[in-house]
Structures are given as C-alpha cells and as structure tokens.
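Enquirer: Contents of input-v1.txt (compact mmCIF, C-alpha atoms):
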```
# COMPACT_ATOMS: atom_id res chain seq x y z
CA MET A 3 44.06 77.70 -67.17
CA ASP A 4 46.25 74.62 -67.29
CA LEU A 5 48.01 73.29 -70.34
CA SER A 6 46.18 69.99 -70.61
CA ASP A 7 43.86 69.26 -73.50
CA THR A 8 40.75 69.26 -71.36
CA ALA A 9 38.79 72.49 -71.33
CA VAL A 10 35.76 71.28 -69.38
CA ALA A 11 35.13 68.03 -67.55
CA PHE A 12 31.93 66.82 -65.93
CA ARG A 13 32.67 64.20 -63.30
CA SER A 14 29.50 62.40 -62.25
CA ALA A 15 27.96 65.85 -62.05
CA GLU A 16 24.34 66.02 -60.96
CA TYR A 17 21.92 68.85 -60.44
CA ARG A 18 18.76 68.39 -58.41
CA ILE A 19 15.98 70.74 -57.36
CA ASP A 20 14.07 69.56 -54.28
CA GLY A 21 15.44 66.07 -54.75
CA ARG A 22 14.23 65.92 -58.35
CA ARG A 23 17.07 65.22 -60.73
CA ILE A 24 17.36 67.79 -63.53
CA VAL A 25 20.77 66.81 -64.85
CA GLY A 26 23.07 63.83 -64.53
CA PRO A 27 24.85 61.93 -63.39
CA LEU A 28 26.89 63.31 -66.24
CA ASP A 29 30.39 62.39 -67.36
CA LEU A 30 31.67 64.37 -70.28
CA ILE A 31 34.97 65.80 -71.43
CA VAL A 32 35.20 68.82 -73.71
CA SER A 33 38.62 69.08 -75.31
CA ARG A 34 40.40 72.31 -76.02
CA GLY A 35 39.48 73.77 -79.42
CA GLU A 36 36.51 71.55 -80.11
CA THR A 37 32.88 72.51 -80.58
CA VAL A 38 30.52 70.35 -78.59
CA VAL A 39 26.82 70.75 -79.26
CA LEU A 40 24.36 69.78 -76.55
CA LEU A 41 21.27 68.72 -78.44
CA GLY A 42 17.91 67.94 -76.90
CA ARG A 43 14.27 68.85 -76.46
CA SER A 44 13.26 71.60 -74.08
CA GLY A 45 13.47 70.26 -70.57
CA SER A 46 16.22 67.79 -71.43
CA GLY A 47 18.64 69.61 -69.14
CA LYS A 48 20.94 71.03 -71.81
CA THR A 49 20.73 74.64 -70.65
CA THR A 50 21.28 73.62 -67.03
CA THR A 51 24.30 71.61 -68.15
CA LEU A 52 25.68 74.74 -69.81
CA ARG A 53 25.01 76.84 -66.72
CA LEU A 54 26.92 74.33 -64.60
CA ILE A 55 30.03 75.32 -66.55
CA ASN A 56 29.93 79.02 -65.64
CA ALA A 57 28.65 78.33 -62.14
CA LEU A 58 25.27 79.99 -62.67
CA VAL A 59 24.09 76.76 -61.10
CA ARG A 60 26.11 74.52 -58.79
CA PRO A 61 26.28 70.74 -59.02
CA SER A 62 24.36 68.98 -56.23
CA ALA A 63 26.77 66.06 -56.53
CA GLY A 64 29.91 65.32 -58.50
CA ASP A 65 32.12 67.99 -59.95
CA VAL A 66 32.48 70.29 -62.93
CA VAL A 67 36.05 71.18 -63.78
CA VAL A 68 36.90 74.17 -65.95
CA GLY A 69 40.49 74.76 -67.01
CA GLY A 70 41.69 72.16 -64.50
CA ILE A 71 39.96 73.78 -61.53
CA SER A 72 36.65 72.70 -60.02
CA THR A 73 33.92 75.33 -60.32
CA ALA A 74 33.50 74.94 -56.57
CA SER A 75 37.01 76.40 -56.15
CA TRP A 76 36.75 79.13 -58.79
CA ASP A 77 35.66 82.58 -57.74
CA PRO A 78 32.43 82.67 -59.78
CA VAL A 79 32.97 86.25 -60.96
CA THR A 80 36.51 85.54 -62.20
CA LEU A 81 35.38 82.29 -63.79
CA ARG A 82 32.53 83.99 -65.67
CA ARG A 83 34.74 86.79 -66.92
CA SER A 84 37.05 84.18 -68.42
CA ILE A 85 34.19 82.50 -70.31
CA GLY A 86 32.25 84.00 -73.20
CA TYR A 87 28.49 83.63 -72.81
CA VAL A 88 26.01 84.10 -75.62
CA ILE A 89 22.31 83.70 -75.04
CA GLN A 90 19.22 84.58 -77.05
CA GLU A 91 19.08 88.18 -78.29
CA ILE A 92 17.31 89.43 -75.20
CA GLY A 93 20.53 89.06 -73.23
CA LEU A 94 21.82 92.39 -74.54
CA LEU A 95 21.45 95.14 -71.97
CA PRO A 96 18.65 97.26 -73.45
CA HIS A 97 19.86 100.53 -71.89
CA PHE A 98 23.43 100.17 -73.18
CA THR A 99 24.60 101.11 -76.67
CA VAL A 100 26.15 98.45 -78.87
CA ALA A 101 29.61 99.72 -77.93
CA LYS A 102 28.88 99.55 -74.20
CA ASN A 103 27.36 96.09 -74.52
CA VAL A 104 30.37 94.77 -76.39
CA GLY A 105 32.82 96.52 -74.07
CA LEU A 106 31.11 95.22 -70.93
CA VAL A 107 33.50 92.46 -69.90
CA PRO A 108 36.65 94.54 -70.58
CA LYS A 109 35.05 97.32 -68.57
CA LEU A 110 34.35 94.93 -65.68
CA MET A 111 37.97 93.86 -65.95
CA ALA A 112 38.93 97.53 -65.65
CA TRP A 113 40.68 97.92 -68.98
CA PRO A 114 41.56 101.52 -69.85
CA ALA A 115 38.84 103.25 -71.89
CA GLU A 116 41.04 103.68 -74.95
CA ARG A 117 41.85 99.98 -75.11
CA ILE A 118 38.17 99.10 -74.69
CA GLY A 119 37.22 101.44 -77.54
CA LYS A 120 39.79 99.87 -79.83
CA ARG A 121 38.75 96.34 -78.89
CA VAL A 122 35.07 97.15 -79.51
CA GLY A 123 35.94 98.41 -83.00
CA GLU A 124 37.91 95.25 -83.80
CA LEU A 125 35.16 92.98 -82.55
CA LEU A 126 32.35 94.71 -84.40
CA ALA A 127 34.38 94.47 -87.58
CA LEU A 128 35.06 90.82 -86.82
CA VAL A 129 31.35 89.98 -86.59
CA GLY A 130 30.56 91.99 -89.72
CA LEU A 131 29.07 95.14 -88.26
CA PRO A 132 30.77 98.37 -89.46
CA PRO A 133 31.76 100.01 -86.14
CA ALA A 134 31.11 103.59 -87.24
CA GLU A 135 27.55 102.71 -88.11
CA PHE A 136 26.67 100.48 -85.17
CA ARG A 137 28.64 101.68 -82.13
CA ASP A 138 26.08 104.13 -80.82
CA ARG A 139 22.90 102.24 -81.62
CA TYR A 140 20.72 100.68 -78.96
CA PRO A 141 19.73 96.99 -79.14
CA HIS A 142 16.13 97.82 -80.04
CA GLN A 143 17.38 99.65 -83.13
CA LEU A 144 18.93 96.46 -84.51
CA SER A 145 17.53 93.50 -86.43
CA GLY A 146 17.48 90.06 -84.80
CA GLY A 147 20.54 88.94 -86.74
CA GLN A 148 22.48 92.11 -85.89
CA ARG A 149 21.68 91.63 -82.20
CA GLN A 150 23.08 88.12 -82.38
CA ARG A 151 26.26 89.48 -83.89
CA VAL A 152 26.55 91.99 -81.09
CA GLY A 153 25.95 89.20 -78.55
CA LEU A 154 28.75 87.19 -80.12
CA ALA A 155 31.10 90.18 -80.20
CA ARG A 156 30.35 90.79 -76.53
CA ALA A 157 31.15 87.20 -75.63
CA LEU A 158 34.48 87.43 -77.47
CA ALA A 159 35.47 90.77 -75.94
CA GLY A 160 37.66 89.49 -73.13
CA ASP A 161 39.26 86.98 -75.54
CA PRO A 162 38.04 84.00 -73.50
CA PRO A 163 39.33 80.55 -74.52
CA LEU A 164 35.88 79.07 -73.90
CA LEU A 165 32.51 80.13 -75.32
CA LEU A 166 29.14 79.00 -74.00
CA CYS A 167 26.23 79.51 -76.39
CA ASP A 168 22.61 78.93 -75.41
CA GLU A 169 20.46 78.76 -78.56
CA PRO A 170 22.05 81.99 -79.77
CA PHE A 171 20.44 81.78 -83.20
CA GLY A 172 17.05 80.60 -82.01
CA ALA A 173 15.22 83.85 -82.59
CA VAL A 174 16.31 84.71 -86.13
CA ASP A 175 14.85 83.75 -89.50
CA PRO A 176 16.21 80.60 -91.21
CA LEU A 177 18.18 82.46 -93.86
CA THR A 178 19.96 84.71 -91.37
CA ARG A 179 20.46 81.71 -89.13
CA SER A 180 22.38 79.68 -91.68
CA GLU A 181 24.47 82.74 -92.54
CA LEU A 182 25.27 83.28 -88.84
CA GLN A 183 26.07 79.60 -88.39
CA ARG A 184 28.50 79.66 -91.29
CA GLU A 185 30.28 82.74 -89.98
CA PHE A 186 30.27 81.40 -86.44
CA ARG A 187 31.92 78.16 -87.52
CA GLY A 188 34.65 80.04 -89.40
CA LEU A 189 35.19 82.42 -86.53
CA VAL A 190 35.61 79.86 -83.75
CA HIS A 191 37.96 77.80 -85.86
CA ARG A 192 40.04 80.81 -86.77
CA LEU A 193 40.18 82.02 -83.16
CA GLU A 194 40.70 78.46 -81.88
CA LYS A 195 37.94 78.71 -79.31
CA THR A 196 36.47 75.88 -77.34
CA VAL A 197 32.71 76.02 -77.71
CA VAL A 198 29.82 74.41 -75.86
CA PHE A 199 26.68 75.13 -77.83
CA VAL A 200 23.09 74.36 -76.84
CA THR A 201 20.39 73.85 -79.45
CA HIS A 202 17.27 71.84 -80.18
CA ASP A 203 17.85 72.09 -83.92
CA VAL A 204 19.36 68.93 -85.45
CA ALA A 205 20.53 70.68 -88.60
CA GLU A 206 22.28 73.35 -86.55
CA ALA A 207 23.95 70.70 -84.41
CA GLU A 208 25.13 68.78 -87.46
CA SER A 209 26.51 71.85 -89.15
CA LEU A 210 28.41 73.26 -86.15
CA ALA A 211 29.50 70.31 -84.05
CA ASP A 212 32.77 68.46 -83.86
CA ARG A 213 30.86 66.24 -81.47
CA ILE A 214 27.14 66.04 -80.74
CA VAL A 215 25.89 65.21 -77.26
CA LEU A 216 22.24 64.16 -77.29
CA MET A 217 20.56 64.80 -73.99
CA ASP A 218 17.37 63.23 -72.71
CA GLU A 219 15.93 63.65 -69.23
CA GLY A 220 19.17 65.13 -67.98
CA ARG A 221 21.49 62.42 -69.23
CA CYS A 222 23.72 62.03 -72.27
CA VAL A 223 22.23 59.30 -74.40
CA PHE A 224 24.64 59.72 -77.30
CA VAL A 225 28.06 61.28 -77.75
CA GLY A 226 29.77 61.26 -81.12
CA THR A 227 30.62 63.02 -84.36
CA PRO A 228 27.83 64.32 -86.61
CA GLU A 229 28.58 61.42 -89.00
CA ALA A 230 28.16 58.88 -86.22
CA PHE A 231 25.01 60.72 -85.16
CA THR A 232 23.42 60.34 -88.62
CA ARG A 233 24.35 56.67 -88.77
CA SER A 234 23.43 55.82 -85.21
CA THR A 235 20.87 53.10 -84.64
CA ASN A 236 20.21 54.33 -81.10
CA GLU A 237 16.44 54.62 -80.71
CA LEU A 238 16.57 58.02 -79.02
CA VAL A 239 18.88 59.40 -81.71
CA GLN A 240 16.61 58.10 -84.45
CA GLY A 241 13.60 59.47 -82.64
CA PHE A 242 15.23 62.86 -82.50
CA ARG A 243 16.39 62.90 -86.11
CA THR A 244 12.95 62.32 -87.54
CA MET B 13 -13.48 139.12 -48.98
CA SER B 14 -12.83 137.12 -52.12
CA PHE B 15 -10.03 134.61 -52.57
CA LEU B 16 -8.07 136.94 -54.85
CA GLU B 17 -8.36 139.84 -52.46
CA TYR B 18 -7.18 137.60 -49.65
CA LEU B 19 -4.21 136.50 -51.70
CA ILE B 20 -3.22 140.06 -52.56
CA ARG B 21 -3.49 141.26 -48.99
CA ASN B 22 -1.69 138.26 -47.49
CA GLY B 23 0.71 137.43 -50.31
CA GLY B 24 3.75 137.35 -48.06
CA LEU B 25 2.09 135.05 -45.57
CA VAL B 26 0.80 132.67 -48.26
CA TRP B 27 4.29 132.53 -49.72
CA ALA B 28 5.83 131.79 -46.30
CA ARG B 29 3.34 128.97 -45.67
CA THR B 30 3.98 127.57 -49.13
CA VAL B 31 7.71 127.46 -48.38
CA GLU B 32 6.98 125.72 -45.05
CA HIS B 33 4.84 123.24 -46.91
CA LEU B 34 7.55 122.61 -49.46
CA VAL B 35 10.09 122.00 -46.71
CA LEU B 36 7.78 119.49 -44.99
CA VAL B 37 7.21 117.55 -48.19
CA GLY B 38 10.74 117.91 -49.55
CA VAL B 39 12.50 116.79 -46.39
CA SER B 40 10.11 113.92 -45.73
CA SER B 41 10.21 112.68 -49.34
CA GLY B 42 13.99 112.90 -49.37
CA ILE B 43 14.33 110.87 -46.19
CA ALA B 44 11.69 108.41 -47.37
CA VAL B 45 13.72 107.78 -50.53
CA ALA B 46 16.90 107.37 -48.48
CA VAL B 47 15.15 104.77 -46.31
CA GLY B 48 12.71 103.20 -48.78
CA LEU B 49 15.10 102.60 -51.68
CA PRO B 50 17.54 100.46 -49.66
CA LEU B 51 14.62 98.63 -48.05
CA GLY B 52 13.12 97.94 -51.47
CA ILE B 53 16.48 96.63 -52.71
CA LEU B 54 16.91 94.56 -49.56
CA ILE B 55 13.64 92.70 -50.07
CA THR B 56 14.62 91.80 -53.64
CA ARG B 57 17.65 90.03 -52.11
CA ASN B 58 16.03 88.58 -49.00
CA ALA B 59 12.70 86.88 -49.59
CA LYS B 60 12.10 86.34 -45.86
CA LEU B 61 11.98 90.06 -45.14
CA ARG B 62 9.65 90.79 -48.05
CA GLY B 63 6.39 89.98 -46.26
CA PRO B 64 7.15 91.83 -43.03
CA VAL B 65 8.58 94.96 -44.70
CA LEU B 66 5.74 95.34 -47.20
CA GLY B 67 3.21 94.42 -44.51
CA VAL B 68 4.37 97.10 -42.09
CA ALA B 69 4.54 99.73 -44.84
CA ASN B 70 1.06 98.71 -45.93
CA VAL B 71 -0.42 99.00 -42.45
CA LEU B 72 1.19 102.42 -41.94
CA GLN B 73 -0.46 103.59 -45.13
CA THR B 74 -3.91 102.57 -43.87
CA VAL B 75 -3.76 104.57 -40.62
CA PRO B 76 -5.85 107.75 -41.07
CA SER B 77 -3.43 110.65 -41.26
CA LEU B 78 -4.90 112.72 -38.47
CA ALA B 79 -4.75 109.66 -36.20
CA LEU B 80 -1.12 109.00 -37.13
CA PHE B 81 -0.18 112.58 -36.27
CA GLY B 82 -2.00 112.10 -32.96
CA PHE B 83 -0.25 108.81 -32.19
CA LEU B 84 3.17 110.37 -32.76
CA ILE B 85 2.73 113.36 -30.45
CA PRO B 86 3.36 111.51 -27.14
CA LEU B 87 6.40 109.63 -28.44
CA PRO B 88 9.81 110.73 -27.13
CA PHE B 89 12.41 112.14 -29.58
CA ILE B 90 10.30 111.91 -32.71
CA GLY B 91 7.04 113.16 -31.19
CA GLY B 92 5.81 116.43 -29.79
CA ILE B 93 4.19 119.40 -31.43
CA GLY B 94 5.66 120.83 -34.60
CA ALA B 95 7.29 120.16 -37.91
CA ARG B 96 9.49 117.27 -36.74
CA THR B 97 6.54 115.08 -35.83
CA ALA B 98 4.82 115.97 -39.08
CA ILE B 99 7.90 115.02 -41.07
CA VAL B 100 8.08 111.64 -39.34
CA ALA B 101 4.44 110.96 -40.20
CA LEU B 102 4.95 112.05 -43.81
CA ILE B 103 7.98 109.76 -44.12
CA LEU B 104 5.91 106.82 -42.88
CA TYR B 105 3.25 107.54 -45.52
CA ALA B 106 5.79 107.92 -48.31
CA LEU B 107 7.55 104.62 -47.58
CA LEU B 108 5.03 102.22 -49.07
CA PRO B 109 4.95 103.53 -52.65
CA ILE B 110 8.74 103.88 -52.70
CA ILE B 111 9.50 100.44 -51.25
CA ARG B 112 6.86 98.73 -53.34
CA ASN B 113 7.90 100.35 -56.61
CA THR B 114 11.58 99.68 -55.97
CA TYR B 115 10.77 96.05 -55.36
CA THR B 116 8.41 95.78 -58.35
CA GLY B 117 10.80 97.64 -60.65
CA ILE B 118 13.80 95.50 -59.82
CA SER B 119 11.94 92.20 -59.89
CA GLY B 120 10.47 93.24 -63.24
CA VAL B 121 13.91 93.29 -64.88
CA ASP B 122 13.98 90.59 -67.55
CA ARG B 123 15.42 87.35 -66.23
CA ALA B 124 17.43 86.87 -69.41
CA VAL B 125 19.05 90.30 -69.01
CA ARG B 126 19.97 89.56 -65.41
CA ASP B 127 21.21 86.14 -66.42
CA ALA B 128 23.41 87.55 -69.16
CA ALA B 129 24.81 90.21 -66.85
CA GLN B 130 25.66 87.60 -64.25
CA GLY B 131 27.04 85.30 -66.88
CA MET B 132 29.34 88.13 -68.04
CA GLY B 133 30.80 88.13 -64.55
CA MET B 134 29.09 91.04 -62.83
CA THR B 135 29.21 91.07 -59.05
CA ASP B 136 25.92 91.55 -57.24
CA GLY B 137 26.78 95.20 -56.68
CA GLN B 138 27.52 95.74 -60.36
CA LEU B 139 24.35 93.95 -61.35
CA LEU B 140 22.38 96.31 -59.11
CA ARG B 141 24.16 99.50 -60.11
CA LEU B 142 24.65 98.91 -63.83
CA VAL B 143 21.58 96.87 -64.71
CA GLU B 144 18.79 96.60 -62.18
CA LEU B 145 18.60 100.18 -60.90
CA PRO B 146 18.87 101.84 -64.34
CA LEU B 147 16.25 99.52 -65.81
CA ALA B 148 13.94 99.91 -62.81
CA ALA B 149 14.47 103.68 -62.57
CA PRO B 150 11.21 104.72 -64.27
CA VAL B 151 9.15 102.47 -62.00
CA ILE B 152 11.03 103.58 -58.88
CA LEU B 153 10.58 107.21 -59.83
CA ALA B 154 6.88 106.67 -60.38
CA GLY B 155 6.76 105.51 -56.76
CA VAL B 156 8.60 108.63 -55.59
CA ARG B 157 6.17 110.73 -57.60
CA VAL B 158 3.12 109.10 -56.03
CA ALA B 159 4.67 109.43 -52.57
CA THR B 160 5.41 113.12 -53.11
CA VAL B 161 1.98 113.99 -54.46
CA ILE B 162 0.30 112.16 -51.56
CA GLY B 163 2.68 113.98 -49.23
CA VAL B 164 1.61 117.41 -50.51
CA GLY B 165 -1.97 116.54 -49.63
CA ILE B 166 -1.29 114.97 -46.25
CA ALA B 167 1.03 117.80 -45.23
CA THR B 168 -1.99 120.13 -45.12
CA ILE B 169 -3.23 118.12 -42.14
CA ALA B 170 0.11 118.62 -40.37
CA ALA B 171 -1.11 122.10 -39.44
CA ALA B 172 -3.34 120.36 -36.86
CA ILE B 173 -0.24 119.51 -34.80
CA GLY B 174 1.39 122.89 -35.23
CA ALA B 175 3.70 122.02 -38.11
CA GLY B 176 2.66 125.02 -40.19
CA GLY B 177 2.33 124.79 -43.94
CA LEU B 178 -0.64 125.59 -46.13
CA GLY B 179 -2.96 123.60 -43.88
CA VAL B 180 -2.94 126.53 -41.45
CA PHE B 181 -5.16 128.50 -43.86
CA ILE B 182 -7.44 125.55 -44.38
CA PHE B 183 -7.96 124.83 -40.67
CA SER B 184 -8.53 128.45 -39.78
CA GLY B 185 -10.73 128.93 -42.84
CA VAL B 186 -12.87 125.97 -41.78
CA ALA B 187 -13.08 127.28 -38.21
CA MET B 188 -14.14 130.73 -39.39
CA VAL B 189 -16.28 129.48 -42.29
CA ASP B 190 -14.12 131.62 -44.58
CA ASN B 191 -13.87 130.17 -48.06
CA ALA B 192 -11.28 132.69 -49.17
CA GLN B 193 -8.91 131.45 -46.49
CA ILE B 194 -9.60 127.79 -47.26
CA LEU B 195 -8.80 128.50 -50.90
CA ALA B 196 -5.63 130.38 -49.94
CA GLY B 197 -4.42 127.07 -48.51
CA ALA B 198 -6.00 124.66 -50.95
CA VAL B 199 -5.13 126.30 -54.26
CA PRO B 200 -1.37 126.65 -53.64
CA ALA B 201 -1.36 123.07 -52.29
CA ALA B 202 -3.01 121.84 -55.46
CA VAL B 203 -0.54 123.82 -57.58
CA LEU B 204 2.37 122.32 -55.60
CA ALA B 205 1.00 118.82 -56.14
CA LEU B 206 0.65 119.41 -59.88
CA LEU B 207 4.15 120.88 -60.14
CA ALA B 208 5.68 117.99 -58.20
CA ASP B 209 3.79 115.51 -60.34
CA GLY B 210 4.78 117.19 -63.60
CA GLY B 211 8.39 117.79 -62.60
CA LEU B 212 9.00 114.23 -61.46
CA HIS B 213 7.20 112.94 -64.52
CA VAL B 214 9.72 114.75 -66.70
CA VAL B 215 12.62 113.20 -64.77
CA GLU B 216 10.95 109.81 -65.02
CA ARG B 217 10.72 110.09 -68.79
CA ARG B 218 14.33 111.14 -69.02
CA LEU B 219 15.40 108.03 -67.15
CA ASP B 220 13.27 105.80 -69.35
CA TRP B 221 15.71 103.90 -71.55
CA THR B 222 12.93 102.68 -73.87
CA ARG B 223 12.56 106.25 -75.15
CA ARG B 224 16.14 106.52 -76.33
```
Kindly return the structure encoded in the file as structure tokens.

Expert:
Amino acid sequence: MDLSDTAVAFRSAEYRIDGRRIVGPLDLIVSRGETVVLLGRSGSGKTTTLRLINALVRPSAGDVVVGGISTASWDPVTLRRSIGYVIQEIGLLPHFTVAKNVGLVPKLMAWPAERIGKRVGELLALVGLPPAEFRDRYPHQLSGGQRQRVGLARALAGDPPLLLCDEPFGAVDPLTRSELQREFRGLVHRLEKTVVFVTHDVAEAESLADRIVLMDEGRCVFVGTPEAFTRSTNELVQGFRT
Amino acid sequence: MSFLEYLIRNGGLVWARTVEHLVLVGVSSGIAVAVGLPLGILITRNAKLRGPVLGVANVLQTVPSLALFGFLIPLPFIGGIGARTAIVALILYALLPIIRNTYTGISGVDRAVRDAAQGMGMTDGQLLRLVELPLAAPVILAGVRVATVIGVGIATIAAAIGAGGLGVFIFSGVAMVDNAQILAGAVPAAVLALLADGGLHVVERRLDWTRR
C-alpha cells in the first residue's frame, strides 16, 4: 500500500452485464481511515460497487484503484487477503468451527498454527465473545448477533487496513443491531480502519458514516456527511429519507 | 436340494464367488470414483462441457446391461471375455450417479459461502478443497452409494461374459431350473448390496457437517 491518503479510488468505473449498465460511471475517493457508507435500495448497484473493490467483479470501463494500484494489476488473491470482507451471517463456513472461521485468512497466508491460535483468541475477545466458550462452536450453534461478531473477527484477522461490509447487520434484530453498530463504530475508529459499508438502512448509514454515498441506478446521486445528508434538498435524498 | 443344503455343501465355492463379485464391484466403483469425481468437478468449472459429459453418461446408463457387455466383447484392449470387460462395463454404469452427484453437490453450495470464501482470498483450488468438496461430500457420497448398489446388481450379469461372480450361480440355476442355486447367487448378492448401502450410508453421515 502507498502512503497517500487515498485508500480506494473509482475512476469513471463502470460495470455492465450484456451491455446493460449496472454501475457507473462512478468517480469516488475513499480516504484512509474514513467510513464511507454506500446507501441505496436493492438493485441500486451498491453491492456491485463494493465487489469492484475486492475484484470479485471487474470494471467494464474505467478503473478501480486500491492502495495506489489498479485492481486490474493486483493479483486478486493477494488483494482479497489484504482486505477484510464481512457479509451477511451466511458467509461463515458452516463446516468450520468459530476458531477455524476466524483463523481462515491467517491460515491462507500460512501463519504458524500457534500464532493463528493466539490471534483468534485476541480477535474473539475484541468482538466480545469469550474465546474459551466460543472457539469450538459451529456457526449454527450461534445466535445471529454472535455470528455477525464472528464474521467481523474473521474480517479483521489478517489486520487489513481496509474493511468491506455488505449489510453485515441486516439479519439481526433491531436491538442487537444497534448494539453491534455502536461497537463496530468504536472498533474501526480505535483500529483506524478504512471502511466501505453497504446498507439500505438510513439510520444505520447516519450512525456509522463519516460520509454517505447515496446510490441510485448505479450512480452516486449524493456524497456528503450525515449532517449534509439530513439537510439535503436533493429530491432523491429526500425521497430516500422518508 | 434346498437352498440351505446347497449353501452348506458348496460353502467354499459360494464364498469364492462372493469374493470375485466384491472384486468386480470394488475395482469398478473405485475407478469410477477416480474418473467421475474429476469429471463432475470439471463440469462445475466449464459450462460448455456440462451438456456433453452428462449426456454421454446418461446414454451409457440407458443401454441394457447385457447389451453393453455384448458390445464390449469385440473391442480391442478393453474387450474380450472375462473380468476386465465386466469391470469396464460396470465403470460405465457407475459414472452417471457419481458425476451427477458431484456436480449437483458442488453447485448446491450456498453462493454466499462461496462468495465469502473467495472474498477472503481463497484460490480456486482452496475453494474446492476447503469449501466445496467438504460441503458437497454427503451428496457426492450418496452418488457413490447408488453407483455401488447398482453395481452389485449388474455384476451378477457379468457372469454371462465369463467374469465370474455370484451371477454364475444364477445363470446355471436358471439353466437347470434349480432354485437353490439361483438363491445361492441371489441371496449373497442382496446381502452385499445391503452391506454396501449401509456401510456407505454410515460414512455419508459422518461426513455430513450439519450433524456436528
């Protein structure tokens, strides 16, 4: 990664399937250490935008630059191991214990077993799951909120500077969700992570974001702070807020 | 002579034929797994090959077994009279359930799980080895089980081309209208089929991660 302040840059990036435009053209800069929330309805292209960053999809035109290097030049496997990725609870590997799920990226990076074990313990403690109690459980033995915590711990395992989150708290009850949001906010600030977070929930966006990006039909229609978002007279923003 | 009497008098011979039968089914199932599993994986990666591979395996399955044995006899290298030809035919029958279940099992892995694994930075090989195969294992094994049980039955017909096995009793029993002899072939074959089914079912359950 370079030393500039830009973590991720979209440069006229577009993504098309069979000539139909799903995303873009998109120009957006995510600065180091900030939390950018991509907000939008389903089908607005926010998830695809996120997946452009870790090269799960490739831009049809334009460029996506991560850490100063275009995703076209990154080795996708190396790129993905350097980015934390949290998706809805189902993304945990159902046949792996909590410890194996969390230790997955370090394992792929061929850390020694002892170091992985230690790291897993630290991370579980960090996300509020007592390691002794949770290490050997399987995902189906956890509650929705606990699974989310495991997913977050897994994404943090390789200590990536950048975290991508795709509606990570979508499948938990409102009370657990606000608790997770609060802890998440504290955690990413403390660890100084850059975060790109996808949600369709306005309240979640307002509570987590340094900047909100409102997406509609694959384009950014608003970029600004949560305060600016609440004050905005943009029709699409107002339509979304109500 | 009753079935039991026949068994007692010819115990050694029945045992020898049972072992022959086991070898026919074991070897053919083993080779079918070694061929079918990679083919099944291949067609999850290459959509163009999917139709042809499944189509050929499907057609092979529909050829009546006695006819397939007959077709193979004149072929060089794999044909002729004896166990080798029978094993080739049994492999061809076993392929479809193994290929199809491998394909179905792997494509049945949750998209989100695959997505997460890829997003974590797994290579295609790691995705296959650490995620897809373990999660598909129960389905793949169910295919192996079906293939093996079918194989036990079809292998009785292999006696018609001189491959030995329990079918020898059945054919000669039919020719001599001797029920005791027919049963001396049929009963051990049925027992073998049940044992194979039960044994593989146990393995299948062990591999099933949802039971952990």

Enquirer: Give as number ranges by chain every residue of chain A that touches chain B within 6 Å, counting all atoms listed in the file.

Expert: A: 79, 82-83, 93, 97

Enquirer: Can you measure atom CA of Thr51 of chain A to atom CA of Glu208 of chain A for me? One decimal in Å is fine.

Expert: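 One can read the atom CA of Thr51 of chain A to atom CA of Glu208 of chain A distance as 19.5 Å.
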
Enquirer: Could you check which of B:Gly48, B:Gly179, B:Pro150, B:Gly197 is closest to Val214 of chain B, using only C-alpha atoms?

Expert: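 Going through B:Gly48, B:Gly179, B:Pro150, B:Gly197 one by one, the smallest distance to Val214 of chain B is for B:Pro150.
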
Enquirer: May I have the residues at most 12 Å from (8.0, 124.3, -32.6) in the file's coordinates, counting all atoms listed in the file, as an mmCIF file with C-alpha atoms, in the frame of the given file?

Expert:
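Saved the output as out.cif:
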```cif
data_model
loop_
_atom_site.group_PDB
_atom_site.id
_atom_site.type_symbol
_atom_site.label_atom_id
_atom_site.label_comp_id
_atom_site.auth_asym_id
_atom_site.auth_seq_id
_atom_site.Cartn_x
_atom_site.Cartn_y
_atom_site.Cartn_z
ATOM 1 C CA GLY B 91 7.040 113.160 -31.190
ATOM 2 C CA GLY B 92 5.810 116.430 -29.790
ATOM 3 C CA ILE B 93 4.190 119.400 -31.430
ATOM 4 C CA GLY B 94 5.660 120.830 -34.600
ATOM 5 C CA ALA B 95 7.290 120.160 -37.910
ATOM 6 C CA ARG B 96 9.490 117.270 -36.740
ATOM 7 C CA THR B 97 6.540 115.080 -35.830
ATOM 8 C CA ALA B 98 4.820 115.970 -39.080
ATOM 9 C CA ALA B 171 -1.110 122.100 -39.440
ATOM 10 C CA ILE B 173 -0.240 119.510 -34.800
ATOM 11 C CA GLY B 174 1.390 122.890 -35.230
ATOM 12 C CA ALA B 175 3.700 122.020 -38.110
ATOM 13 C CA GLY B 176 2.660 125.020 -40.190
#
```

Enquirer: Near segment 108-111 of chain A, counting all atoms listed in the file, which residues have an atom at most 7 Å away, once you skip same-chain residues fewer than 6 positions from it, shown as a ChimeraX atom specification?

Expert: /A:118,159-160

Enquirer: To one decimal place in Å, what is the distance between atom CA of Ala149 of chain B and atom CA of Ser40 of chain B?

Expert: 20.2 Å

Enquirer: Quick one: everything within 8 Å of Val67 of chain A, counting all atoms listed in the file, minus sequence neighbours fewer than 2 positions away in the same chain. Send it as an mmCIF file with C-alpha atoms, in the coordinates of the input.

Expert:
```
data_model
loop_
_atom_site.group_PDB
_atom_site.id
_atom_site.type_symbol
_atom_site.label_atom_id
_atom_site.label_comp_id
_atom_site.auth_asym_id
_atom_site.auth_seq_id
_atom_site.Cartn_x
_atom_site.Cartn_y
_atom_site.Cartn_z
ATOM 1 C CA VAL A 10 35.760 71.280 -69.380
ATOM 2 C CA ALA A 11 35.130 68.030 -67.550
ATOM 3 C CA PHE A 12 31.930 66.820 -65.930
ATOM 4 C CA ARG A 13 32.670 64.200 -63.300
ATOM 5 C CA ILE A 55 30.030 75.320 -66.550
ATOM 6 C CA ASP A 65 32.120 67.990 -59.950
ATOM 7 C CA GLY A 69 40.490 74.760 -67.010
ATOM 8 C CA GLY A 70 41.690 72.160 -64.500
ATOM 9 C CA ILE A 71 39.960 73.780 -61.530
ATOM 10 C CA SER A 72 36.650 72.700 -60.020
ATOM 11 C CA THR A 73 33.920 75.330 -60.320
#
```

Enquirer: Any idea what's packed within 12 Å of Arg187 of chain A, counting all atoms listed in the file, ignoring anything in its chain fewer than 4 positions away? Could you give it as number ranges by chain?

Expert: A: 35-38, 129, 180-183, 191-197, 199, 206-212

Enquirer: Which residue gives the smallest distance to Ala28 of chain B among B:Gly67, B:Gly211, B:Gly177, B:Gly82, with all atoms listed in the file counted?

Expert: B:Gly177

Enquirer: Just how far from atom CA of Asn58 of chain B is atom CA of Thr116 of chain B, in Å to one decimal?

Expert: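 We find that atom CA of Thr116 of chain B and atom CA of Asn58 of chain B lie 14.0 Å from each other.
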
Enquirer: Would you kindly return, as a VMD selection string, each protein, DNA or RNA residue with an atom no farther than 8 Å from any atom of Arg221 of chain A, considering only C-alpha atoms and excluding same-chain residues fewer than 6 positions away?

Expert: chain A and resid 25 to 28 46 to 47

Enquirer: Given 4 Å of margin on each side, can you work out the centre and size in Å (one decimal) of an axis-aligned box holding every listed atom of segment 50-66 of chain A, as lines of an AutoDock Vina configuration file?

Expert:
```
center_x = 26.9
center_y = 72.7
center_z = -63.0
size_x = 19.2
size_y = 22.7
size_z = 21.6
```

Enquirer: Could you pull the residues within 8 Å of Leu40 of chain A, counting only C-alpha atoms, minus those fewer than 2 positions along the same chain, as a PyMOL selection string?

Expert: chain A and resi 38+42+48+198-201+207+214-217
